[in-house]
$ cat upload18.txt   # compact mmCIF, C-alpha atoms
# COMPACT_ATOMS: atom_id res chain seq x y z
CA ALA A 11 2.15 -2.43 17.45
CA GLN A 12 -0.38 -2.50 14.66
CA SER A 13 -1.74 -5.28 12.47
CA VAL A 14 -4.53 -5.93 9.99
CA THR A 15 -6.46 -9.07 9.14
CA GLN A 16 -8.60 -9.35 6.05
CA LEU A 17 -11.01 -12.27 6.14
CA GLY A 18 -11.19 -14.03 2.81
CA SER A 19 -8.47 -13.78 0.20
CA HIS A 20 -11.06 -14.15 -2.59
CA VAL A 21 -14.66 -13.00 -2.82
CA SER A 22 -17.02 -13.71 -5.69
CA VAL A 23 -20.16 -11.62 -6.13
CA SER A 24 -22.80 -11.32 -8.82
CA GLU A 25 -23.21 -8.05 -10.64
CA GLY A 26 -25.75 -5.97 -8.70
CA ALA A 27 -25.20 -7.83 -5.43
CA LEU A 28 -23.81 -6.45 -2.18
CA VAL A 29 -20.05 -6.33 -1.83
CA LEU A 30 -18.78 -6.87 1.73
CA LEU A 31 -15.07 -7.04 2.49
CA ARG A 32 -14.02 -7.62 6.07
CA CYS A 33 -11.14 -5.97 7.88
CA ASN A 34 -10.14 -6.25 11.52
CA TYR A 35 -7.27 -4.37 13.05
CA SER A 36 -5.23 -4.15 16.20
CA SER A 37 -3.55 -0.99 17.37
CA SER A 38 -2.16 0.19 20.68
CA VAL A 39 -3.48 3.72 20.07
CA PRO A 40 -6.53 5.07 18.21
CA PRO A 41 -5.83 4.16 14.62
CA TYR A 42 -6.23 5.72 11.25
CA LEU A 43 -7.64 3.24 8.74
CA PHE A 44 -7.55 3.09 4.98
CA TRP A 45 -8.94 1.03 2.12
CA TYR A 46 -6.95 0.92 -1.10
CA VAL A 47 -7.89 -0.68 -4.42
CA GLN A 48 -5.51 -2.20 -6.93
CA TYR A 49 -6.64 -2.82 -10.49
CA PRO A 50 -4.70 -5.36 -12.55
CA ASN A 51 -1.13 -4.31 -13.29
CA GLN A 52 -1.53 -0.98 -11.53
CA GLY A 53 -0.46 0.64 -8.29
CA LEU A 54 -2.72 1.18 -5.30
CA GLN A 55 -5.19 4.04 -5.13
CA LEU A 56 -7.09 5.28 -2.11
CA LEU A 57 -10.77 4.36 -1.82
CA LEU A 58 -11.46 5.95 1.55
CA LYS A 59 -9.97 6.64 4.96
CA TYR A 60 -11.06 6.98 8.59
CA THR A 61 -9.33 9.71 10.53
CA SER A 62 -11.39 9.88 13.77
CA ALA A 63 -14.19 12.08 12.45
CA ALA A 64 -17.41 10.36 11.29
CA THR A 65 -17.43 6.61 11.84
CA LEU A 66 -19.21 6.00 8.53
CA VAL A 67 -16.86 6.97 5.75
CA LYS A 68 -17.86 7.36 2.13
CA GLY A 69 -15.34 6.87 -0.62
CA ILE A 70 -15.07 6.81 -4.36
CA ASN A 71 -17.05 4.56 -6.72
CA GLY A 72 -19.93 4.09 -4.25
CA PHE A 73 -17.89 2.35 -1.54
CA GLU A 74 -18.25 3.07 2.15
CA ALA A 75 -16.81 1.69 5.37
CA GLU A 76 -17.83 1.85 9.01
CA PHE A 77 -15.38 2.12 11.87
CA LYS A 78 -16.53 0.03 14.85
CA LYS A 79 -14.20 0.46 17.78
CA SER A 80 -15.90 -2.19 19.93
CA GLU A 81 -15.38 -4.77 17.19
CA THR A 82 -12.01 -3.39 16.02
CA SER A 83 -13.39 -3.57 12.49
CA PHE A 84 -13.45 -1.43 9.38
CA HIS A 85 -15.50 -3.41 6.86
CA LEU A 86 -15.90 -2.14 3.30
CA THR A 87 -19.26 -2.31 1.52
CA LYS A 88 -20.90 -1.38 -1.75
CA PRO A 89 -24.63 -1.95 -2.21
CA SER A 90 -24.49 -3.01 -5.84
CA ALA A 91 -21.42 -4.52 -7.50
CA HIS A 92 -20.38 -3.46 -10.96
CA MET A 93 -18.10 -5.36 -13.33
CA SER A 94 -15.55 -2.57 -12.97
CA ASP A 95 -15.21 -3.36 -9.24
CA ALA A 96 -13.19 -6.47 -10.03
CA ALA A 97 -9.86 -5.74 -8.36
CA GLU A 98 -7.84 -6.45 -5.24
CA TYR A 99 -8.67 -4.51 -2.11
CA PHE A 100 -6.33 -3.78 0.77
CA CYS A 101 -7.13 -2.59 4.25
CA ALA A 102 -4.36 -0.68 6.03
CA VAL A 103 -3.78 0.85 9.46
CA THR A 104 -1.42 3.42 10.90
CA MET A 105 -1.03 4.73 14.41
CA GLY A 106 0.03 8.05 12.92
CA ILE A 107 3.32 8.19 14.78
CA LYS A 108 5.44 10.75 12.99
CA ALA A 109 8.66 9.56 14.58
CA ALA A 110 8.02 6.12 13.11
CA GLY A 111 7.37 7.51 9.67
CA ASN A 112 3.58 7.23 9.90
CA LYS A 113 4.02 3.72 8.57
CA LEU A 114 1.11 1.82 7.09
CA THR A 115 0.55 -1.86 7.83
CA PHE A 116 -1.43 -3.68 5.16
CA GLY A 117 -3.70 -6.67 5.28
CA GLY A 118 -3.13 -9.58 2.91
CA GLY A 119 -5.67 -8.31 0.40
CA THR A 120 -9.01 -9.58 -0.91
CA ARG A 121 -9.45 -10.23 -4.60
CA VAL A 122 -12.98 -9.52 -5.83
CA LEU A 123 -14.44 -11.32 -8.80
CA VAL A 124 -17.70 -9.99 -10.23
CA LYS A 125 -19.87 -12.44 -12.14
CA PRO A 126 -22.26 -11.20 -14.82
CA ASN B 135 1.97 16.47 -12.30
CA ALA B 136 3.29 12.99 -12.96
CA GLY B 137 2.77 11.96 -9.32
CA VAL B 138 4.94 9.00 -8.36
CA THR B 139 6.93 7.33 -11.13
CA GLN B 140 9.08 4.20 -11.01
CA THR B 141 11.75 2.95 -13.35
CA PRO B 142 12.13 0.37 -14.71
CA LYS B 143 8.71 -1.25 -15.07
CA PHE B 144 10.10 -4.75 -15.57
CA ARG B 145 13.45 -6.37 -14.96
CA VAL B 146 14.91 -9.85 -15.03
CA LEU B 147 18.10 -10.51 -13.09
CA LYS B 148 20.31 -13.50 -12.54
CA THR B 149 21.18 -14.54 -9.00
CA GLY B 150 24.01 -12.41 -7.68
CA GLN B 151 23.49 -9.46 -10.01
CA SER B 152 22.84 -6.00 -8.67
CA MET B 153 20.40 -3.31 -9.67
CA THR B 154 18.84 -0.05 -8.55
CA LEU B 155 15.17 0.87 -8.72
CA LEU B 156 14.36 4.55 -8.99
CA CYS B 157 11.34 6.25 -7.50
CA ALA B 158 10.59 9.89 -8.26
CA GLN B 159 7.81 12.14 -7.01
CA ASP B 160 6.96 15.68 -8.06
CA MET B 161 4.59 16.53 -5.20
CA ASN B 162 7.26 17.85 -2.80
CA HIS B 163 6.40 15.10 -0.32
CA GLU B 164 8.54 14.60 2.75
CA TYR B 165 7.96 10.90 3.27
CA MET B 166 8.80 8.12 0.82
CA TYR B 167 8.43 4.36 1.13
CA TRP B 168 9.47 1.16 -0.63
CA TYR B 169 7.22 -1.90 -0.41
CA ARG B 170 7.26 -5.34 -1.89
CA GLN B 171 4.07 -7.15 -2.82
CA ASP B 172 3.85 -10.93 -2.75
CA PRO B 173 0.70 -13.04 -3.25
CA GLY B 174 -1.39 -13.35 -0.09
CA MET B 175 0.96 -11.17 1.95
CA GLY B 176 -0.25 -7.72 1.05
CA LEU B 177 2.41 -5.04 0.91
CA ARG B 178 5.36 -5.21 3.26
CA LEU B 179 7.51 -2.20 4.03
CA ILE B 180 11.18 -2.54 3.07
CA HIS B 181 12.62 0.89 3.93
CA TYR B 182 11.29 4.37 4.31
CA SER B 183 12.48 7.96 4.51
CA VAL B 184 11.08 10.86 6.50
CA GLY B 185 13.09 13.45 4.62
CA GLU B 186 16.03 14.17 2.37
CA GLY B 187 19.17 12.47 3.64
CA THR B 188 17.35 10.17 6.09
CA THR B 189 16.35 6.53 5.77
CA ALA B 190 15.07 3.86 8.12
CA LYS B 191 14.38 0.13 8.06
CA GLY B 192 10.93 -1.27 7.62
CA GLU B 193 9.54 -4.74 8.14
CA VAL B 194 11.68 -6.64 5.59
CA PRO B 195 14.93 -4.68 5.01
CA ASP B 196 17.43 -7.53 4.60
CA GLY B 197 19.13 -7.67 1.22
CA TYR B 198 18.14 -4.11 0.29
CA ASN B 199 19.70 -0.69 0.66
CA VAL B 200 18.22 2.74 0.00
CA SER B 201 19.31 6.31 -0.47
CA ARG B 202 17.49 9.66 -0.45
CA LEU B 203 20.04 12.18 -1.67
CA LYS B 204 17.39 14.42 -3.19
CA LYS B 205 13.94 15.04 -1.76
CA GLN B 206 12.17 13.95 -4.92
CA ASN B 207 14.04 10.66 -5.41
CA PHE B 208 14.21 7.46 -3.39
CA LEU B 209 16.47 4.68 -4.67
CA LEU B 210 16.20 1.01 -3.77
CA GLY B 211 19.26 -1.14 -4.35
CA LEU B 212 19.78 -4.86 -4.47
CA GLU B 213 23.50 -5.60 -4.12
CA SER B 214 23.32 -9.35 -4.78
CA ALA B 215 19.92 -10.45 -6.01
CA ALA B 216 18.37 -13.70 -4.79
CA PRO B 217 15.34 -15.61 -6.13
CA SER B 218 13.50 -14.73 -2.88
CA GLN B 219 13.57 -11.12 -4.05
CA THR B 220 11.34 -11.90 -7.00
CA SER B 221 8.39 -9.64 -6.35
CA VAL B 222 6.54 -6.52 -7.40
CA TYR B 223 8.03 -3.40 -5.84
CA PHE B 224 6.00 -0.30 -5.11
CA CYS B 225 7.14 3.12 -4.11
CA ALA B 226 4.88 5.57 -2.29
CA SER B 227 5.09 9.12 -1.00
CA ARG B 228 3.08 11.36 1.34
CA THR B 229 3.16 14.69 3.11
CA GLU B 230 3.78 15.13 6.83
CA GLY B 231 0.25 15.14 8.19
CA GLU B 232 -0.49 12.08 10.31
CA THR B 233 -3.66 11.23 8.42
CA ASP B 234 -2.36 12.00 4.98
CA THR B 235 -2.69 9.56 2.13
CA GLN B 236 0.17 7.62 0.63
CA TYR B 237 0.36 7.93 -3.15
CA PHE B 238 1.67 4.91 -5.00
CA GLY B 239 3.71 4.44 -8.13
CA PRO B 240 2.78 1.89 -10.81
CA GLY B 241 5.23 -0.75 -9.60
CA THR B 242 8.29 -2.60 -10.85
CA ARG B 243 8.03 -6.31 -11.55
CA LEU B 244 11.36 -7.97 -10.75
CA THR B 245 12.22 -11.58 -11.51
CA VAL B 246 15.43 -13.12 -10.18
CA LEU B 247 16.44 -16.35 -11.86
$ encode --input "upload18.txt" --output "structure tokens"
Amino acid sequence: AQSVTQLGSHVSVSEGALVLLRCNYSSSVPPYLFWYVQYPNQGLQLLLKYTSAATLVKGINGFEAEFKKSETSFHLTKPSAHMSDAAEYFCAVTMGIKAAGNKLTFGGGTRVLVKP
Amino acid sequence: NAGVTQTPKFRVLKTGQSMTLLCAQDMNHEYMYWYRQDPGMGLRLIHYSVGEGTTAKGEVPDGYNVSRLKKQNFLLGLESAAPSQTSVYFCASRTEGETDTQYFGPGTRLTVL
């Protein structure tokens, strides 16, 4: 079984401040982990993914995430928030089981508000 | 390349009416998925397909049916709509690799009165 917990449904940051979004997962096998971003009235687009190579993963728009197996975490960070980062962010996990359709399980999402 | 497209973008139904949502992808992807998105619950998988002619149930399949008669299309049907089915519906597709990315459509906002 696989599950994802995102701590904090809303996060407010000042422009230029650190963005930290928390994600913890559970998986019965080594997981593959993803962060997606959803801008208002749009679909989801991939920010970055962990696929068992480097534990520090860099994505688009200056975001990065670190896979920590001991903590079962995959937190997303960006050193300096920009107004355009205001969006909802989703962490997702898959066990990569082809027979099960390589299904993704999503967290509940974290909405980021950036204050000027 | 249009990617993943969904029609319609918006729809309002009365309780008991039926409708079909269409998802189309032009990337020759094997896998396709239907999700619903509700506030605070993330995306939940309704049904999915691992190839033309095959479908399987996801996390919340009740009240929905699907068909994948052509590889590029994945249809989601509501036979008798209920207010609990008011949601935003997203379709996604991906290739076969276990680490491959799912690509999402823009969504369909459905309201059932």
$ residues_near_point --input "upload18.txt" --point "(-19.3, -4.7, -1.1)" --cutoff "7 Å" --atoms "all atoms listed in the file" --output "PyMOL selection string"
chain A and resi 28-31+86-89+91
$ interface_residues --input "upload18.txt" --of "chain B" --to "chain A" --cutoff "7 Å" --atoms "only C-alpha atoms" --output "PyMOL selection string"
chain B and resi 174-177+184+232-233+238-241
$ residues_around --input "upload18.txt" --residues "Gln219 of chain B" --least-positions-apart "6" --cutoff "8 Å" --atoms "all atoms listed in the file" --output "number ranges by chain"
B: 244-246
$ residues_around --input "upload18.txt" --residues "segment 221-231 of chain B" --least-positions-apart "2" --cutoff "6 Å" --atoms "only C-alpha atoms" --output "PyMOL selection string"
chain B and resi 163-172+219+233-234+236-239+241-244
$ closest_residue --input "upload18.txt" --among "A:Glu76, A:Ser90, A:Asp95, A:Val122" --to "Ala27 of chain A" --atoms "all atoms listed in the file"
A:Ser90
$ atom_distance --input "upload18.txt" --atom1 "atom CA of Asn71 of chain A" --atom2 "atom CA of Thr139 of chain B"
24.5 Å
$ residues_around --input "upload18.txt" --residues "Val124 of chain A" --least-positions-apart "2" --cutoff "7 Å" --atoms "all atoms listed in the file" --output "ChimeraX atom specification"
/A:22-25,93,96,122,126
$ atom_distance --input "upload18.txt" --atom1 "atom CA of Gly197 of chain B" --atom2 "atom CA of Leu212 of chain B"
6.4 Å
$ atom_distance --input "upload18.txt" --atom1 "atom CA of Arg145 of chain B" --atom2 "atom CA of Ser218 of chain B"
14.7 Å
$ residues_around --input "upload18.txt" --residues "Lys78 of chain A" --least-positions-apart "6" --cutoff "9 Å" --atoms "all atoms listed in the file" --output "ChimeraX atom specification"
/A:65,84-85
$ residues_around --input "upload18.txt" --residues "segment 185-190 of chain B" --least-positions-apart "6" --cutoff "7 Å" --atoms "only C-alpha atoms" --output "VMD selection string"
chain B and resid 164 to 165 201 to 205
$ write_last_selection --input "upload18.txt" --atoms "C-alpha atoms" --output "PDB file, in the coordinates of the input"
ATOM      1  CA  GLU B 164       8.540  14.600   2.750  1.00  0.00           C
ATOM      2  CA  TYR B 165       7.960  10.900   3.270  1.00  0.00           C
ATOM      3  CA  SER B 201      19.310   6.310  -0.470  1.00  0.00           C
ATOM      4  CA  ARG B 202      17.490   9.660  -0.450  1.00  0.00           C
ATOM      5  CA  LEU B 203      20.040  12.180  -1.670  1.00  0.00           C
ATOM      6  CA  LYS B 204      17.390  14.420  -3.190  1.00  0.00           C
ATOM      7  CA  LYS B 205      13.940  15.040  -1.760  1.00  0.00           C
TER       8      LYS B 205
END
$ build_atoms --input "upload18.txt" --residues "segment 183-203 of chain B" --atoms "N, CA, C and O atoms" --output "tab-separated table (two decimals), in the coordinates of the input"
chain	number	residue	atom	x	y	z
B	183	SER	N	11.71	6.73	4.28
B	183	SER	CA	12.48	7.96	4.51
B	183	SER	C	11.53	9.05	4.96
B	183	SER	O	10.47	9.24	4.36
B	184	VAL	N	11.92	9.77	6.00
B	184	VAL	CA	11.08	10.86	6.50
B	184	VAL	C	11.59	12.21	6.03
B	184	VAL	O	11.07	13.26	6.43
B	185	GLY	N	12.59	12.21	5.18
B	185	GLY	CA	13.09	13.45	4.62
B	185	GLY	C	14.40	13.24	3.90
B	185	GLY	O	15.05	12.19	4.04
B	186	GLU	N	14.78	14.25	3.14
B	186	GLU	CA	16.03	14.17	2.37
B	186	GLU	C	17.19	13.83	3.30
B	186	GLU	O	17.34	14.40	4.38
B	187	GLY	N	17.99	12.86	2.88
B	187	GLY	CA	19.17	12.47	3.64
B	187	GLY	C	18.93	11.51	4.78
B	187	GLY	O	19.86	11.12	5.48
B	188	THR	N	17.68	11.10	5.00
B	188	THR	CA	17.35	10.17	6.09
B	188	THR	C	16.68	8.93	5.54
B	188	THR	O	15.88	9.01	4.61
B	189	THR	N	17.02	7.77	6.11
B	189	THR	CA	16.35	6.53	5.77
B	189	THR	C	16.21	5.68	7.02
B	189	THR	O	16.94	5.89	8.01
B	190	ALA	N	15.28	4.74	6.98
B	190	ALA	CA	15.07	3.86	8.12
B	190	ALA	C	14.57	2.50	7.62
B	190	ALA	O	14.01	2.41	6.52
B	191	LYS	N	14.78	1.48	8.44
B	191	LYS	CA	14.38	0.13	8.06
B	191	LYS	C	12.90	-0.09	8.32
B	191	LYS	O	12.35	0.40	9.30
B	192	GLY	N	12.30	-0.87	7.43
B	192	GLY	CA	10.93	-1.27	7.62
B	192	GLY	C	10.85	-2.68	8.13
B	192	GLY	O	11.69	-3.14	8.90
B	193	GLU	N	9.85	-3.39	7.66
B	193	GLU	CA	9.54	-4.74	8.14
B	193	GLU	C	10.48	-5.79	7.56
B	193	GLU	O	10.84	-6.76	8.23
B	194	VAL	N	10.89	-5.63	6.29
B	194	VAL	CA	11.68	-6.64	5.59
B	194	VAL	C	12.88	-6.00	4.90
B	194	VAL	O	12.99	-6.03	3.67
B	195	PRO	N	13.85	-5.45	5.63
B	195	PRO	CA	14.93	-4.68	5.01
B	195	PRO	C	16.12	-5.50	4.50
B	195	PRO	O	16.93	-4.99	3.72
B	196	ASP	N	16.22	-6.76	4.91
B	196	ASP	CA	17.43	-7.53	4.60
B	196	ASP	C	17.59	-7.75	3.11
B	196	ASP	O	16.67	-8.16	2.42
B	197	GLY	N	18.82	-7.48	2.62
B	197	GLY	CA	19.13	-7.67	1.22
B	197	GLY	C	18.89	-6.43	0.37
B	197	GLY	O	19.14	-6.46	-0.84
B	198	TYR	N	18.43	-5.35	1.00
B	198	TYR	CA	18.14	-4.11	0.29
B	198	TYR	C	18.86	-2.93	0.94
B	198	TYR	O	19.07	-2.92	2.15
B	199	ASN	N	19.22	-1.94	0.12
B	199	ASN	CA	19.70	-0.69	0.66
B	199	ASN	C	18.99	0.45	-0.07
B	199	ASN	O	18.45	0.26	-1.16
B	200	VAL	N	18.94	1.61	0.57
B	200	VAL	CA	18.22	2.74	0.00
B	200	VAL	C	19.04	4.01	0.17
B	200	VAL	O	19.93	4.07	1.02
B	201	SER	N	18.71	5.00	-0.64
B	201	SER	CA	19.31	6.31	-0.47
B	201	SER	C	18.31	7.38	-0.87
B	201	SER	O	17.50	7.18	-1.79
B	202	ARG	N	18.39	8.52	-0.17
B	202	ARG	CA	17.49	9.66	-0.45
B	202	ARG	C	18.37	10.91	-0.47
B	202	ARG	O	18.34	11.74	0.43
B	203	LEU	N	19.12	11.03	-1.54
B	203	LEU	CA	20.04	12.18	-1.67
B	203	LEU	C	19.29	13.44	-2.08
B	203	LEU	O	19.72	14.55	-1.74
